Structure formats: C-alpha cells, structure tokens
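Enquirer: So I've got this file, coords29.txt, and it contains compact mmCIF, C-alpha atoms and all ligand atoms:
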```
# COMPACT_ATOMS: atom_id res chain seq x y z
CA MET A 230 13.30 86.81 33.80
CA ALA A 231 10.49 86.15 36.26
CA SER A 232 8.37 84.62 33.50
CA ASP A 233 11.33 82.44 32.41
CA LEU A 234 11.58 81.09 35.95
CA ALA A 235 7.83 80.52 36.03
CA ARG A 236 8.11 78.54 32.77
CA ILE A 237 10.86 76.37 34.21
CA GLN A 238 8.77 75.81 37.32
CA ASP A 239 5.74 74.83 35.20
CA PHE A 240 7.95 72.42 33.29
CA LEU A 241 9.17 70.77 36.51
CA VAL A 242 5.61 70.47 37.82
CA GLY A 243 4.54 68.95 34.49
CA MET A 244 7.38 66.42 34.68
CA GLY A 245 6.53 65.55 38.30
CA MET A 246 9.88 66.89 39.51
CA ALA A 247 8.87 69.95 41.53
CA ALA A 248 9.25 69.68 45.30
CA SER A 249 5.47 70.05 45.58
CA CYS A 250 5.03 66.73 43.72
CA LEU A 251 6.21 64.67 46.67
CA ASP A 252 4.65 64.40 50.12
CA ALA A 253 7.30 63.10 52.54
CA ASP A 254 4.83 61.97 55.19
CA SER A 255 2.84 59.75 52.86
CA VAL A 256 5.99 58.17 51.34
CA LEU A 257 7.28 57.59 54.88
CA ALA A 258 4.04 55.81 55.81
CA GLU A 259 4.27 53.65 52.67
CA LEU A 260 7.90 52.74 53.31
CA THR A 261 7.24 51.89 56.96
CA ALA A 262 4.37 49.61 55.91
CA GLU A 263 6.66 47.85 53.41
CA MET A 264 9.31 47.36 56.09
CA ASP A 265 6.70 45.75 58.35
CA LYS A 266 5.58 43.43 55.55
CA GLY A 267 9.17 42.39 54.90
CA LEU A 268 9.69 41.51 58.57
CA ALA A 269 6.59 39.31 58.48
CA ALA A 270 7.06 37.41 55.20
CA ASP A 271 9.53 36.45 52.49
CA GLN A 272 9.25 37.62 48.87
CA CYS A 273 8.24 41.15 49.80
CA GLU A 274 9.32 44.35 48.11
CA LEU A 275 11.72 45.05 50.98
CA ALA A 276 13.70 41.88 51.68
CA MET A 277 14.37 42.94 55.33
CA ILE A 278 17.19 40.41 55.60
CA PRO A 279 18.22 39.12 59.06
CA THR A 280 22.03 39.24 59.28
CA PHE A 281 22.81 37.27 62.46
CA VAL A 282 25.01 40.20 63.47
CA SER A 283 24.18 42.40 66.42
CA SER A 284 25.60 45.84 67.10
CA GLU A 285 27.19 44.41 70.23
CA SER A 286 30.04 42.76 68.30
CA ARG A 287 33.28 42.64 70.34
CA ILE A 288 36.53 43.57 68.62
CA PRO A 289 39.59 41.48 69.54
CA ALA A 290 42.81 43.53 69.62
CA ASP A 291 45.98 42.90 67.62
CA LYS A 292 44.51 40.22 65.37
CA PRO A 293 44.68 40.97 61.65
CA VAL A 294 41.69 40.16 59.47
CA LEU A 295 41.49 40.14 55.68
CA VAL A 296 38.83 42.37 54.18
CA VAL A 297 37.23 42.16 50.75
CA ASP A 298 34.86 45.00 49.89
CA ALA A 299 32.84 44.35 46.72
CA GLY A 300 30.94 47.59 46.19
CA GLY A 301 29.04 49.02 43.27
CA THR A 302 32.05 50.31 41.38
CA ASN A 303 35.21 49.12 43.12
CA LEU A 304 36.58 46.00 44.68
CA ARG A 305 38.90 46.72 47.59
CA VAL A 306 41.19 44.31 49.43
CA CYS A 307 43.21 45.03 52.59
CA THR A 308 44.10 43.82 56.07
CA VAL A 309 42.78 45.50 59.22
CA THR A 310 44.06 45.27 62.79
CA PHE A 311 42.43 46.95 65.81
CA ASP A 312 44.39 48.14 68.82
CA VAL A 313 43.18 47.73 72.42
CA HIS A 314 41.18 50.97 72.12
CA GLY A 315 39.40 49.66 69.02
CA HIS A 316 41.30 51.96 66.63
CA PRO A 317 41.84 50.30 63.26
CA THR A 318 44.96 50.23 61.12
CA ILE A 319 44.45 49.42 57.46
CA ASP A 320 47.38 47.86 55.58
CA ASN A 321 48.01 46.21 52.23
CA PHE A 322 45.23 48.22 50.59
CA SER A 323 44.51 47.72 46.90
CA LYS A 324 41.59 48.80 44.72
CA GLN A 325 40.41 47.43 41.37
CA ALA A 326 37.26 47.67 39.29
CA MET A 327 34.35 45.48 40.39
CA PRO A 328 34.27 42.48 37.99
CA GLY A 329 31.14 42.15 35.84
CA LEU A 330 30.58 45.84 35.26
CA ASP A 331 31.98 46.34 31.78
CA ARG A 332 31.16 42.81 30.56
CA GLU A 333 29.50 39.61 31.73
CA VAL A 334 31.82 37.28 33.67
CA SER A 335 31.37 33.70 34.88
CA LYS A 336 31.11 32.61 38.51
CA ASP A 337 34.51 30.97 38.34
CA GLU A 338 36.12 34.04 36.83
CA PHE A 339 34.67 36.13 39.66
CA PHE A 340 36.18 33.95 42.38
CA GLU A 341 39.46 33.62 40.45
CA THR A 342 39.65 37.40 40.29
CA LEU A 343 38.96 37.72 44.04
CA ALA A 344 41.60 35.10 44.81
CA ASP A 345 44.10 36.90 42.54
CA TYR A 346 43.49 40.18 44.34
CA LEU A 347 43.89 38.46 47.72
CA SER A 348 46.90 36.34 46.79
CA SER A 349 49.59 38.56 48.33
CA VAL A 350 47.76 38.93 51.70
CA ALA A 351 45.88 35.62 51.91
CA ASP A 352 48.29 34.05 54.38
CA LEU A 353 48.17 36.95 56.86
CA SER A 354 44.94 35.79 58.56
CA ASP A 355 42.55 32.85 58.56
CA ARG A 356 39.56 35.19 58.85
CA ILE A 357 37.90 37.24 56.13
CA GLY A 358 35.27 39.95 56.46
CA PHE A 359 33.57 40.07 53.06
CA CYS A 360 31.51 43.21 52.48
CA PHE A 361 29.27 42.18 49.60
CA SER A 362 26.98 45.06 48.69
CA TYR A 363 24.20 43.16 46.93
CA PRO A 364 20.96 41.58 48.19
CA SER A 365 22.05 38.33 49.82
CA GLU A 366 20.29 36.01 52.21
CA ILE A 367 22.54 35.49 55.23
CA SER A 368 22.80 32.05 56.82
CA PRO A 369 23.15 31.65 60.61
CA GLU A 370 26.85 30.88 59.88
CA ARG A 371 26.94 34.31 58.22
CA ASP A 372 27.61 33.24 54.66
CA GLY A 373 25.67 35.13 52.00
CA LYS A 374 23.58 33.65 49.17
CA LEU A 375 23.11 36.15 46.35
CA LEU A 376 19.39 36.72 45.74
CA ARG A 377 19.73 38.95 42.67
CA TRP A 378 22.11 41.46 41.21
CA THR A 379 21.66 45.21 41.46
CA LYS A 380 23.75 48.13 40.19
CA GLU A 381 23.96 46.62 36.68
CA VAL A 382 26.50 43.91 37.58
CA GLN A 383 26.57 41.02 35.08
CA ILE A 384 27.59 37.74 36.74
CA PRO A 385 24.33 35.78 36.32
CA GLU A 386 25.83 32.43 37.38
CA LEU A 387 26.41 33.73 40.89
CA VAL A 388 22.71 34.23 41.66
CA GLY A 389 21.63 31.59 44.22
CA GLU A 390 25.25 30.85 45.20
CA TYR A 391 26.97 31.32 48.58
CA VAL A 392 29.73 33.85 47.99
CA GLY A 393 31.67 33.19 51.22
CA ARG A 394 31.91 29.48 50.52
CA GLY A 395 32.93 30.13 46.88
CA LEU A 396 35.75 32.40 48.00
CA ALA A 397 36.92 30.04 50.78
CA GLU A 398 36.99 27.07 48.38
CA LYS A 399 38.96 29.00 45.78
CA LEU A 400 41.57 30.12 48.34
CA GLU A 401 41.83 26.60 49.78
CA ALA A 402 42.35 25.14 46.29
CA ARG A 403 45.21 27.60 45.86
CA GLY A 404 46.91 26.35 49.02
CA HIS A 405 45.98 29.16 51.43
CA GLY A 406 44.13 26.87 53.88
CA ARG A 407 40.46 27.05 54.88
CA LYS A 408 39.37 30.59 55.75
CA GLN A 409 36.44 31.56 57.94
CA VAL A 410 34.50 34.05 55.83
CA VAL A 411 31.81 36.35 57.23
CA VAL A 412 29.62 37.98 54.55
CA LEU A 413 27.80 41.21 55.30
CA ASN A 414 26.11 44.03 53.43
CA ASP A 415 27.76 47.47 53.23
CA THR A 416 24.89 49.03 55.23
CA VAL A 417 25.53 46.53 58.02
CA ALA A 418 29.24 47.32 57.87
CA ALA A 419 28.40 51.03 58.04
CA LEU A 420 26.24 50.46 61.11
CA LEU A 421 29.03 48.54 62.87
CA ALA A 422 31.60 51.17 61.93
CA GLY A 423 29.28 53.88 63.27
CA LYS A 424 28.86 51.95 66.50
CA SER A 425 32.63 51.73 66.91
CA VAL A 426 32.85 55.54 66.99
CA GLY A 427 29.43 56.33 68.52
CA ASP A 428 29.83 54.19 71.64
CA ASP A 429 31.36 56.99 73.73
CA ARG A 430 28.45 59.26 72.83
CA GLU A 431 25.92 56.87 74.42
CA CYS A 432 23.71 56.77 71.38
CA SER A 433 20.47 54.86 71.83
CA ALA A 434 20.45 53.06 68.46
CA TYR A 435 22.51 52.71 65.30
CA VAL A 436 21.66 52.93 61.62
CA GLY A 437 23.95 52.40 58.59
CA TYR A 438 22.99 54.24 55.41
CA ILE A 439 24.68 54.07 52.00
CA LEU A 440 24.12 56.52 49.17
CA GLY A 441 26.68 55.81 46.48
CA THR A 442 26.33 53.87 43.25
CA GLY A 443 23.38 52.19 44.99
CA THR A 444 21.38 53.03 48.09
CA ASN A 445 20.18 51.02 51.08
CA ILE A 446 19.88 51.07 54.86
CA ALA A 447 20.32 48.80 57.90
CA TYR A 448 19.08 49.13 61.49
CA GLU A 449 18.78 46.89 64.52
CA GLU A 450 15.45 45.12 65.15
CA LYS A 451 14.16 42.98 67.99
CA ASN A 452 14.04 39.31 66.96
CA ALA A 453 10.49 39.18 68.31
CA ASN A 454 9.47 41.60 65.54
CA ILE A 455 11.06 39.47 62.79
CA THR A 456 7.98 37.29 62.63
CA LYS A 457 8.88 35.57 59.35
CA ARG A 458 11.53 33.56 61.27
CA THR A 459 10.71 31.02 63.92
CA ASP A 460 14.32 30.03 64.69
CA LEU A 461 15.47 33.21 66.45
CA ASP A 462 16.13 33.84 70.13
CA MET A 463 13.05 35.90 70.93
CA GLY A 464 14.86 37.89 73.61
CA GLY A 465 17.60 39.05 71.23
CA ALA A 466 18.02 41.63 68.49
CA GLN A 467 19.96 41.75 65.26
CA ILE A 468 20.83 44.02 62.38
CA ILE A 469 18.42 43.97 59.45
CA ASN A 470 19.55 44.76 55.90
CA CYS A 471 16.40 46.42 54.56
CA GLU A 472 17.34 46.42 50.81
CA SER A 473 15.32 49.61 50.69
CA GLY A 474 16.62 50.48 47.21
CA ASN A 475 13.90 48.14 45.93
CA PHE A 476 11.08 50.27 47.41
CA SER A 477 8.73 51.28 44.60
CA GLY A 478 6.53 53.73 46.53
CA GLY A 479 6.27 57.46 46.11
CA PRO A 480 5.48 59.09 42.78
CA LEU A 481 7.16 57.70 39.68
CA THR A 482 7.40 60.01 36.69
CA GLU A 483 7.27 59.19 32.99
CA VAL A 484 11.05 59.71 32.87
CA ASP A 485 11.53 57.26 35.78
CA ARG A 486 9.47 54.63 33.99
CA GLU A 487 11.34 55.02 30.72
CA LEU A 488 14.74 54.88 32.39
CA ASP A 489 13.71 51.86 34.43
CA ALA A 490 12.63 49.98 31.31
CA ALA A 491 16.13 50.43 29.86
CA THR A 492 17.97 48.96 32.89
CA SER A 493 18.98 45.34 33.49
CA THR A 494 16.43 45.11 36.34
CA PRO A 495 13.17 46.61 35.02
CA GLY A 496 10.57 47.05 37.76
CA GLY A 497 13.20 46.61 40.50
CA GLN A 498 15.26 49.03 42.61
CA LEU A 499 12.89 51.90 41.86
CA LEU A 500 13.94 53.95 44.90
CA GLU A 501 17.58 53.41 44.00
CA LYS A 502 16.88 54.51 40.44
CA ARG A 503 15.57 57.87 41.72
CA VAL A 504 18.28 58.45 44.30
CA SER A 505 21.64 56.83 43.64
CA GLY A 506 24.74 57.80 41.74
CA ALA A 507 24.32 55.13 39.08
CA TYR A 508 21.17 56.87 37.80
CA LEU A 509 20.94 60.59 38.70
CA GLY A 510 22.78 61.75 35.58
CA ASP A 511 20.48 59.72 33.35
CA ILE A 512 17.44 61.37 34.92
CA GLY A 513 18.99 64.79 34.39
CA LEU A 514 19.67 64.01 30.73
CA ALA A 515 16.17 62.64 30.08
CA LEU A 516 14.66 65.80 31.60
CA LEU A 517 16.97 68.00 29.56
CA LYS A 518 15.88 66.25 26.37
CA GLN A 519 12.25 66.91 27.35
CA ALA A 520 13.08 70.55 28.01
CA GLY A 521 14.55 70.68 24.50
CA GLU A 522 11.37 69.24 23.01
CA GLN A 523 9.26 71.73 24.92
CA GLY A 524 11.30 74.71 23.71
CA LEU A 525 12.96 75.70 27.00
CA VAL A 526 16.33 75.86 25.25
CA SER A 527 17.25 76.84 21.67
CA GLN A 528 16.68 74.39 18.85
CA ALA A 529 20.45 74.03 18.35
CA ILE A 530 20.95 73.03 21.99
CA ALA A 531 17.91 70.74 21.89
CA ASP A 532 19.26 69.02 18.75
CA ALA A 533 22.71 68.55 20.27
CA VAL A 534 21.37 67.14 23.53
CA ALA A 535 18.97 64.82 21.69
CA GLU A 536 22.02 62.98 20.30
CA TRP A 537 23.64 62.26 23.68
CA GLY A 538 23.45 58.69 24.88
CA GLU A 539 24.66 59.34 28.40
CA LEU A 540 25.28 61.99 31.03
CA THR A 541 27.04 60.70 34.12
CA THR A 542 26.05 61.86 37.59
CA ILE A 543 29.53 63.36 37.95
CA GLU A 544 29.08 65.37 34.74
CA MET A 545 25.64 66.60 35.74
CA ASP A 546 26.92 67.46 39.20
CA SER A 547 29.91 69.36 37.84
CA PHE A 548 27.46 71.76 36.16
CA LEU A 549 25.75 72.45 39.50
CA TRP A 550 29.11 73.20 41.11
CA ASN A 551 30.14 75.48 38.23
CA PRO A 552 27.72 76.24 35.37
CA TYR A 553 30.58 78.02 33.57
CA GLY A 554 33.21 75.32 33.81
CA CYS A 555 31.77 71.85 33.91
CA LEU A 556 32.83 68.39 32.73
CA GLY A 557 31.56 66.20 29.93
CA PRO A 558 29.31 66.97 26.96
CA ILE A 559 27.62 70.01 28.56
CA ALA A 560 30.94 71.84 28.27
CA SER A 561 30.63 71.69 24.47
CA LEU A 562 27.30 73.59 24.42
CA SER A 563 27.18 77.33 23.77
CA LEU A 564 24.62 78.19 26.41
CA THR A 565 23.06 81.56 27.14
CA ASP A 566 22.64 82.44 30.79
CA ALA A 567 18.87 81.91 30.44
CA GLU A 568 19.61 78.36 29.27
CA ARG A 569 22.05 77.84 32.10
CA GLU A 570 19.19 78.72 34.45
CA VAL A 571 17.09 75.99 32.81
CA LEU A 572 19.81 73.36 33.20
CA TYR A 573 20.50 74.45 36.77
CA ALA A 574 16.84 74.21 37.76
CA ILE A 575 16.43 70.80 36.12
CA PHE A 576 19.54 69.27 37.65
CA SER A 577 18.75 70.78 41.07
CA SER A 578 15.30 69.23 40.95
CA VAL A 579 16.91 65.81 40.44
CA VAL A 580 19.11 66.35 43.50
CA THR A 581 16.33 67.78 45.66
CA ARG A 582 14.02 64.86 44.94
CA ALA A 583 16.86 62.44 45.72
CA ALA A 584 17.46 64.27 49.02
CA LEU A 585 13.82 64.08 50.03
CA LEU A 586 13.61 60.37 49.24
CA ALA A 587 16.94 59.79 51.02
CA ALA A 588 15.60 61.56 54.13
CA VAL A 589 12.47 59.40 54.07
CA ASN A 590 14.60 56.29 53.64
CA VAL A 591 16.71 57.20 56.68
CA ALA A 592 13.79 58.38 58.81
CA ALA A 593 11.76 55.16 58.45
CA PRO A 594 14.20 52.82 60.27
CA VAL A 595 15.21 55.56 62.72
CA LEU A 596 11.55 55.82 63.77
CA LYS A 597 11.20 52.04 63.89
CA THR A 598 13.94 51.86 66.52
CA ARG A 599 11.68 54.03 68.78
CA CYS A 600 14.94 55.47 70.16
CA GLY A 601 16.38 58.98 70.08
CA THR A 602 13.67 60.43 72.29
CA SER A 603 16.30 62.20 74.42
CA ALA A 604 18.87 64.62 73.04
CA LEU A 605 21.40 62.93 75.33
CA HIS A 606 20.94 59.63 73.51
CA PRO A 607 20.36 60.32 69.82
CA VAL A 608 20.15 57.69 67.11
CA CYS A 609 23.56 57.45 65.44
CA ILE A 610 23.29 57.35 61.66
CA ASN A 611 26.51 56.48 59.89
CA ILE A 612 26.23 57.69 56.32
CA ASP A 613 28.62 56.44 53.65
CA GLY A 614 28.87 56.88 49.89
CA SER A 615 30.47 59.34 47.55
CA THR A 616 27.19 60.37 45.92
CA PHE A 617 25.87 61.59 49.27
CA TYR A 618 28.94 63.60 50.18
CA LYS A 619 30.12 64.82 46.78
CA THR A 620 26.90 65.74 44.97
CA HIS A 621 26.10 69.43 45.08
CA LYS A 622 23.86 70.17 48.11
CA LEU A 623 22.67 66.56 48.41
CA SER A 624 23.86 66.01 51.98
CA HIS A 625 22.80 69.53 52.99
CA GLU A 626 19.27 69.07 51.63
CA THR A 627 18.92 65.55 53.05
CA TYR A 628 19.75 66.83 56.55
CA LYS A 629 17.26 69.66 56.10
CA PHE A 630 14.46 67.22 55.21
CA LEU A 631 15.55 64.80 57.93
CA ASP A 632 15.50 67.57 60.54
CA ALA A 633 11.95 68.39 59.50
CA ILE A 634 10.70 64.79 59.51
CA LEU A 635 12.39 63.66 62.73
CA GLY A 636 12.13 67.02 64.47
CA ALA A 637 8.35 67.01 64.04
CA ARG A 638 8.32 63.65 65.85
CA GLY A 639 10.65 64.69 68.66
CA VAL A 640 13.40 62.30 67.57
CA HIS A 641 17.08 63.25 67.91
CA TYR A 642 19.74 61.94 65.57
CA MET A 643 23.44 62.35 65.10
CA ALA A 644 24.91 61.83 61.63
CA VAL A 645 28.47 60.54 61.50
CA SER A 646 30.89 59.63 58.77
CA VAL A 647 33.60 57.03 59.31
CA ASP A 648 36.50 56.80 56.87
CA ASN A 649 36.46 53.45 55.05
CA ALA A 650 33.27 52.41 56.86
CA PRO A 651 32.57 49.26 54.75
CA VAL A 652 36.13 48.05 55.35
CA ILE A 653 36.06 48.80 59.10
CA GLY A 654 32.62 47.22 59.55
CA ALA A 655 33.62 44.13 57.57
CA ALA A 656 36.74 43.80 59.71
CA ILE A 657 34.68 44.00 62.92
CA ALA A 658 32.28 41.33 61.62
CA GLY A 659 35.14 39.16 60.34
CA LEU A 660 36.77 39.16 63.76
CA SER A 661 33.70 38.76 65.93
C1 LIG B 1 22.17 48.11 46.26
C2 LIG B 1 22.34 46.73 46.85
C3 LIG B 1 22.43 46.79 48.36
C4 LIG B 1 23.51 47.79 48.78
C5 LIG B 1 23.25 49.13 48.14
C6 LIG B 1 24.33 50.15 48.49
O1 LIG B 1 20.93 48.62 46.63
O2 LIG B 1 21.25 45.91 46.47
O3 LIG B 1 22.71 45.51 48.89
O4 LIG B 1 23.53 47.89 50.16
O5 LIG B 1 23.19 49.00 46.73
O6 LIG B 1 25.59 49.77 48.05
```
What is this structure when it is put down as structure tokens?
Ligand code: GLC
Expert:
Amino acid sequence: MASDLARIQDFLVGMGMAASCLDADSVLAELTAEMDKGLAADQCELAMIPTFVSSESRIPADKPVLVVDAGGTNLRVCTVTFDVHGHPTIDNFSKQAMPGLDREVSKDEFFETLADYLSSVADLSDRIGFCFSYPSEISPERDGKLLRWTKEVQIPELVGEYVGRGLAEKLEARGHGRKQVVVLNDTVAALLAGKSVGDDRECSAYVGYILGTGTNIAYEEKNANITKRTDLDMGGAQIINCESGNFSGGPLTEVDRELDAATSTPGGQLLEKRVSGAYLGDIGLALLKQAGEQGLVSQAIADAVAEWGELTTIEMDSFLWNPYGCLGPIASLSLTDAEREVLYAIFSSVVTRAALLAAVNVAAPVLKTRCGTSALHPVCINIDGSTFYKTHKLSHETYKFLDAILGARGVHYMAVSVDNAPVIGAAIAGLS
C-alpha cells in the first residue's frame, strides 16, 4: 500500500500537480506585480478596470430596482427593494440559461432574449442594475463595453458594444420607456453586497471574490494609484475589477497547456482555467487519462477512460464526496480500492491546486488595501460562487492557505457569504 501511495505521489510530481510544485509566495509576488502594471497601463494581462463605483454607495429605501444577472451559466431577472435598514426583498425572480452557451447567438437575439425575460417586470422601475460577469470597460456613466468573452460564451457580435445601452434601447423600442442602466461586474456586486452586511462590523476594507464557472476579484483602490487614468478625482477611491482570471503566472503543466489549446480563448484566462468550475473536471479527466497511460490503473479502466470526451466538475467532485456512489461516467467503472485511491489522489490534487491559487488570488488585493492590520477591523471578503462552496474541501483548503499567507503578514480578514450577492450588489449599484 505504501508503495502504491508513493507511486501516485511520484505521478503527481511528474505531472506538476503535487502541492510541492507551487510556491504561494512567488505566485503572490507575480500577481501583485501584474496588478500594479494593470493600474498603470491599458492592454495588460490584468485589465484592472475602474468601475466608477465606490463602496460608499447609499441605498435608498422602498424604491424597487430591476436586476439582470448575466453570469457564467444562468441569467437571472428579478426586482429588489431595500427597507430603511438596508434589508433587501427579492421579488419576481426567474432564472434561465445564459444565451450563447449551447450555440452562437447574434447581438440582437441576445438583447431580444433579455427583453423577453424582463417583459413582465419592466414597468416596475425605471432603473436597472445589470450584473454582467464578463470583462467590460466601464464608462463614467457606468455603462459597460464588452472587451472580450470568457467562460466559452459565443456572442461574437457583442464584443466592443455597450451592453447597458443595447438593453435600454431594446426596452424603449418595446414601449417600456427609457431605463437608466448601471452595468457592473459580479465581483463588484459581491463587494457591495459584502459591504451591506459588513458595515456593522467596522471592517477596514472590502473585497468581492467569485469562484464559480469563472473566477475573478474586485477591491477598492485609491484613484491616485490608478495612474493609467488622468480624469479621476485624485482624492477619491473606487472599486477595481481586476479580471484576475486572465493571470497567466504560476506553473502551467502540460495538461494545462493542452486543455487551454482546446478552449475558445487559447492563451487567455489561464488562472481561471486552473481554478474555476468550467474547467476543473477537464483537468481531472486529462490527468486520469495520463494515469491510465502510465499504468496506475488497469488496462481495462485506462481503455474505458481514454474514450471519454468530458468529465464535468460536478461529476469529478461527486467522486471525492463518495468514491463508492458517484455521478457520471466514473460510476460505470469497476474500480478496485487501489484504483479508487488513485482517482481520489488525482482529483484531490486538482482541488488543492485550485485552493492554493484561489488563496493567492484573494490575498493579493487584500494586501494591496494595506488594511486589516487590527483584528478589530479586518478586511471583509465576500466570497460567492457554487464551485467555491460546493466542491469537496475547496473552501476549507482555501481558508487554510489564506490563513497562512495573510497570517504570516499580520493581516486579519473576515470571510462572509451573502445570499444572492450578485443580485443584491447589482440592486445597490442600480439604485445609487
Ligand atoms: C470571468 C469573467 C469575469 C467574472 C468572472 C467570475 O473571469 O471574465 O468578468 O467576474 O468570470 O464570474
């Protein structure tokens, strides 16, 4: 048994997937340097997008706002109203699939679909908070121009277009009047939602982190440090959407490179492709195929696995939760316990690496805030995304790494989770 485990460990080291293959401190230094570059110039690996939203947004009471939340997998529509204490009520909620995922759609079809989904609530408010979870340049009026697609969405005509204006025009053409649309990223929405619950706790800074189909982070930066812009009030501060999923630093394995080449954005989103729900299952499958080729499982299992085209993150994860009763194609394999150990070690290595990279991703902006130096005033990190919370041990391991990285630097943090954070944050932005 011991030698079997040693063989698995050797395999993981050979594939670059053992914990020892990644040095958190050096990746953190690389990521911080990329963040600084993105604050100083356009066209950098990290877009570091100014959002013209500060965490000080005021929430007017008893005014409904329409919310559209276009995420990586779903498109949600609802209305939100806050009471005088800032507590939200969500009504008229509906959820559909995000257009452009199963097939390419045109720009017009996208806005038609949004307008269809909004049609029954469109007259309930003249304001819309539009959480658009893709890299978009934000104008001072807070509309969003799509820079590029991520998460395998296929609506090429929308690149370079303002999505708030497109939606407002479509609703106006349908007789709903002219709406005021505020576009914001889901990380920015998460930050605002975290602020709405963290205020009482007297946190010293706020961060919004998403780990779902995609991954990304937002934090608040002094305008004086956003040196690529000359039009900002130098005394102020605003939330920055880092688009950190595009970070390419840290070790990339052969499997990472092969998987990347097969995506719709080769060379891009390389952090996201090692960390987020859209890709973890694919990494697990590619490693399993390698294990088959290297004789870590029987020939029959290797042959069966070699035929699989896909393993979803949910299927891979279900094996970690229960190696004897999982979902998807793995359930059809007649595995010995020794082989189950191999699969468990491989899939765990995918999760552990994701957790370490997630912790580095969160730590970098937390440290840039220079806050959290007192336990009384920690940095509030609102974390959202089903991959983070549902994947076996992912949240647990991320906190462990984060404790080590931030603890060593004397920085205190408080992680929170807010139900429907993108919706709540979009509502706050839409009203403010
Ligand atoms: C992708 C998008 C980014 C979003 C993240 C999480 O990385 O580019 O805008 O915040 O996914 O949904």
Enquirer: Distance limit 8 Å, reference ligand LIG 1 (chain B), atoms considered: all atoms listed in the file. Which residues make the cut? Give them as a PyMOL selection string.
Expert: chain A and resi 300-301+361-365+378-380+414-416+439-446+470+472-475+498+501
Enquirer: Which of these, A:Gly423, A:Ala574, A:Thr342, A:Asp298, has the shortest distance to A:Leu234 once you count all atoms listed in the file?
Expert: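 With all atoms listed in the file as the atom set, the closest residue is A:Ala574.
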Enquirer: Measuring between all atoms listed in the file, which one of A:Val382, A:Met327, A:Leu605, A:Ala253 shows the shortest distance to A:Thr494?
Expert: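 Closest to A:Thr494, using all atoms listed in the file: A:Val382.
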Enquirer: Using all atoms listed in the file, which residue out of A:Val296, A:Leu564, A:Val608, A:Ala269 lies closest to A:Ala418?
Expert: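 That would be A:Val296, the residue with the smallest distance to A:Ala418.
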Enquirer: Neighbouring residues of A:Gly479 were defined as those with any atom within 12 Å, considering all atoms listed in the file; residues of the same chain fewer than 4 positions away were excluded. Please report them as a list in words.
Expert: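 Non-adjacent residues within range: Gly245, Cys250, Leu251, Asp252, Ala253, Asp254, Ser255, Val256, Leu257, Ala258, Glu259, Leu260, Asp485, Leu499, Leu500, Arg503, Arg582, Ala583, Leu585, Leu586, Ala587, Val589 and Asn590 of chain A.
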Enquirer: Some atoms are absent from stretch 566-572 of chain A, so rebuild all heavy atoms and return them as a tab-separated table (two decimals), in the coordinates of the input.
Expert:
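Saved the output as part_6.tsv:
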```tsv
chain	number	residue	atom	x	y	z
A	566	ASP	N	22.88	82.54	29.35
A	566	ASP	CA	22.64	82.44	30.79
A	566	ASP	C	21.21	81.97	31.08
A	566	ASP	O	20.98	81.23	32.04
A	566	ASP	CB	22.90	83.79	31.48
A	566	ASP	CG	24.36	83.88	31.90
A	566	ASP	OD1	25.12	82.92	31.61
A	566	ASP	OD2	24.75	84.90	32.50
A	567	ALA	N	20.26	82.36	30.23
A	567	ALA	CA	18.87	81.91	30.44
A	567	ALA	C	18.82	80.38	30.33
A	567	ALA	O	18.10	79.70	31.09
A	567	ALA	CB	17.95	82.55	29.42
A	568	GLU	N	19.59	79.83	29.40
A	568	GLU	CA	19.61	78.36	29.27
A	568	GLU	C	20.34	77.71	30.44
A	568	GLU	O	19.95	76.64	30.90
A	568	GLU	CB	20.27	77.97	27.94
A	568	GLU	CG	19.37	78.28	26.76
A	568	GLU	CD	20.09	78.20	25.43
A	568	GLU	OE1	21.33	78.44	25.38
A	568	GLU	OE2	19.41	77.93	24.42
A	569	ARG	N	21.37	78.39	30.91
A	569	ARG	CA	22.05	77.84	32.10
A	569	ARG	C	21.08	77.76	33.28
A	569	ARG	O	21.12	76.82	34.05
A	569	ARG	CB	23.25	78.72	32.50
A	569	ARG	CG	24.45	78.52	31.62
A	569	ARG	CD	25.73	79.09	32.22
A	569	ARG	NE	26.82	78.79	31.32
A	569	ARG	CZ	27.18	79.56	30.29
A	569	ARG	NH1	26.56	80.71	30.07
A	569	ARG	NH2	28.16	79.19	29.50
A	570	GLU	N	20.20	78.76	33.37
A	570	GLU	CA	19.19	78.72	34.45
A	570	GLU	C	18.31	77.48	34.30
A	570	GLU	O	17.93	76.84	35.28
A	570	GLU	CB	18.28	79.96	34.41
A	570	GLU	CG	18.96	81.28	34.67
A	570	GLU	CD	19.12	81.59	36.15
A	570	GLU	OE1	18.80	80.73	36.99
A	570	GLU	OE2	19.61	82.70	36.45
A	571	VAL	N	17.95	77.16	33.06
A	571	VAL	CA	17.09	75.99	32.81
A	571	VAL	C	17.82	74.73	33.27
A	571	VAL	O	17.27	73.90	34.01
A	571	VAL	CB	16.72	75.89	31.31
A	571	VAL	CG1	16.00	74.58	31.03
A	571	VAL	CG2	15.87	77.08	30.89
A	572	LEU	N	19.07	74.58	32.83
A	572	LEU	CA	19.81	73.36	33.20
A	572	LEU	C	19.98	73.29	34.72
A	572	LEU	O	19.83	72.22	35.32
A	572	LEU	CB	21.20	73.36	32.53
A	572	LEU	CG	21.28	72.65	31.18
A	572	LEU	CD1	20.46	73.38	30.11
A	572	LEU	CD2	22.73	72.50	30.71
```
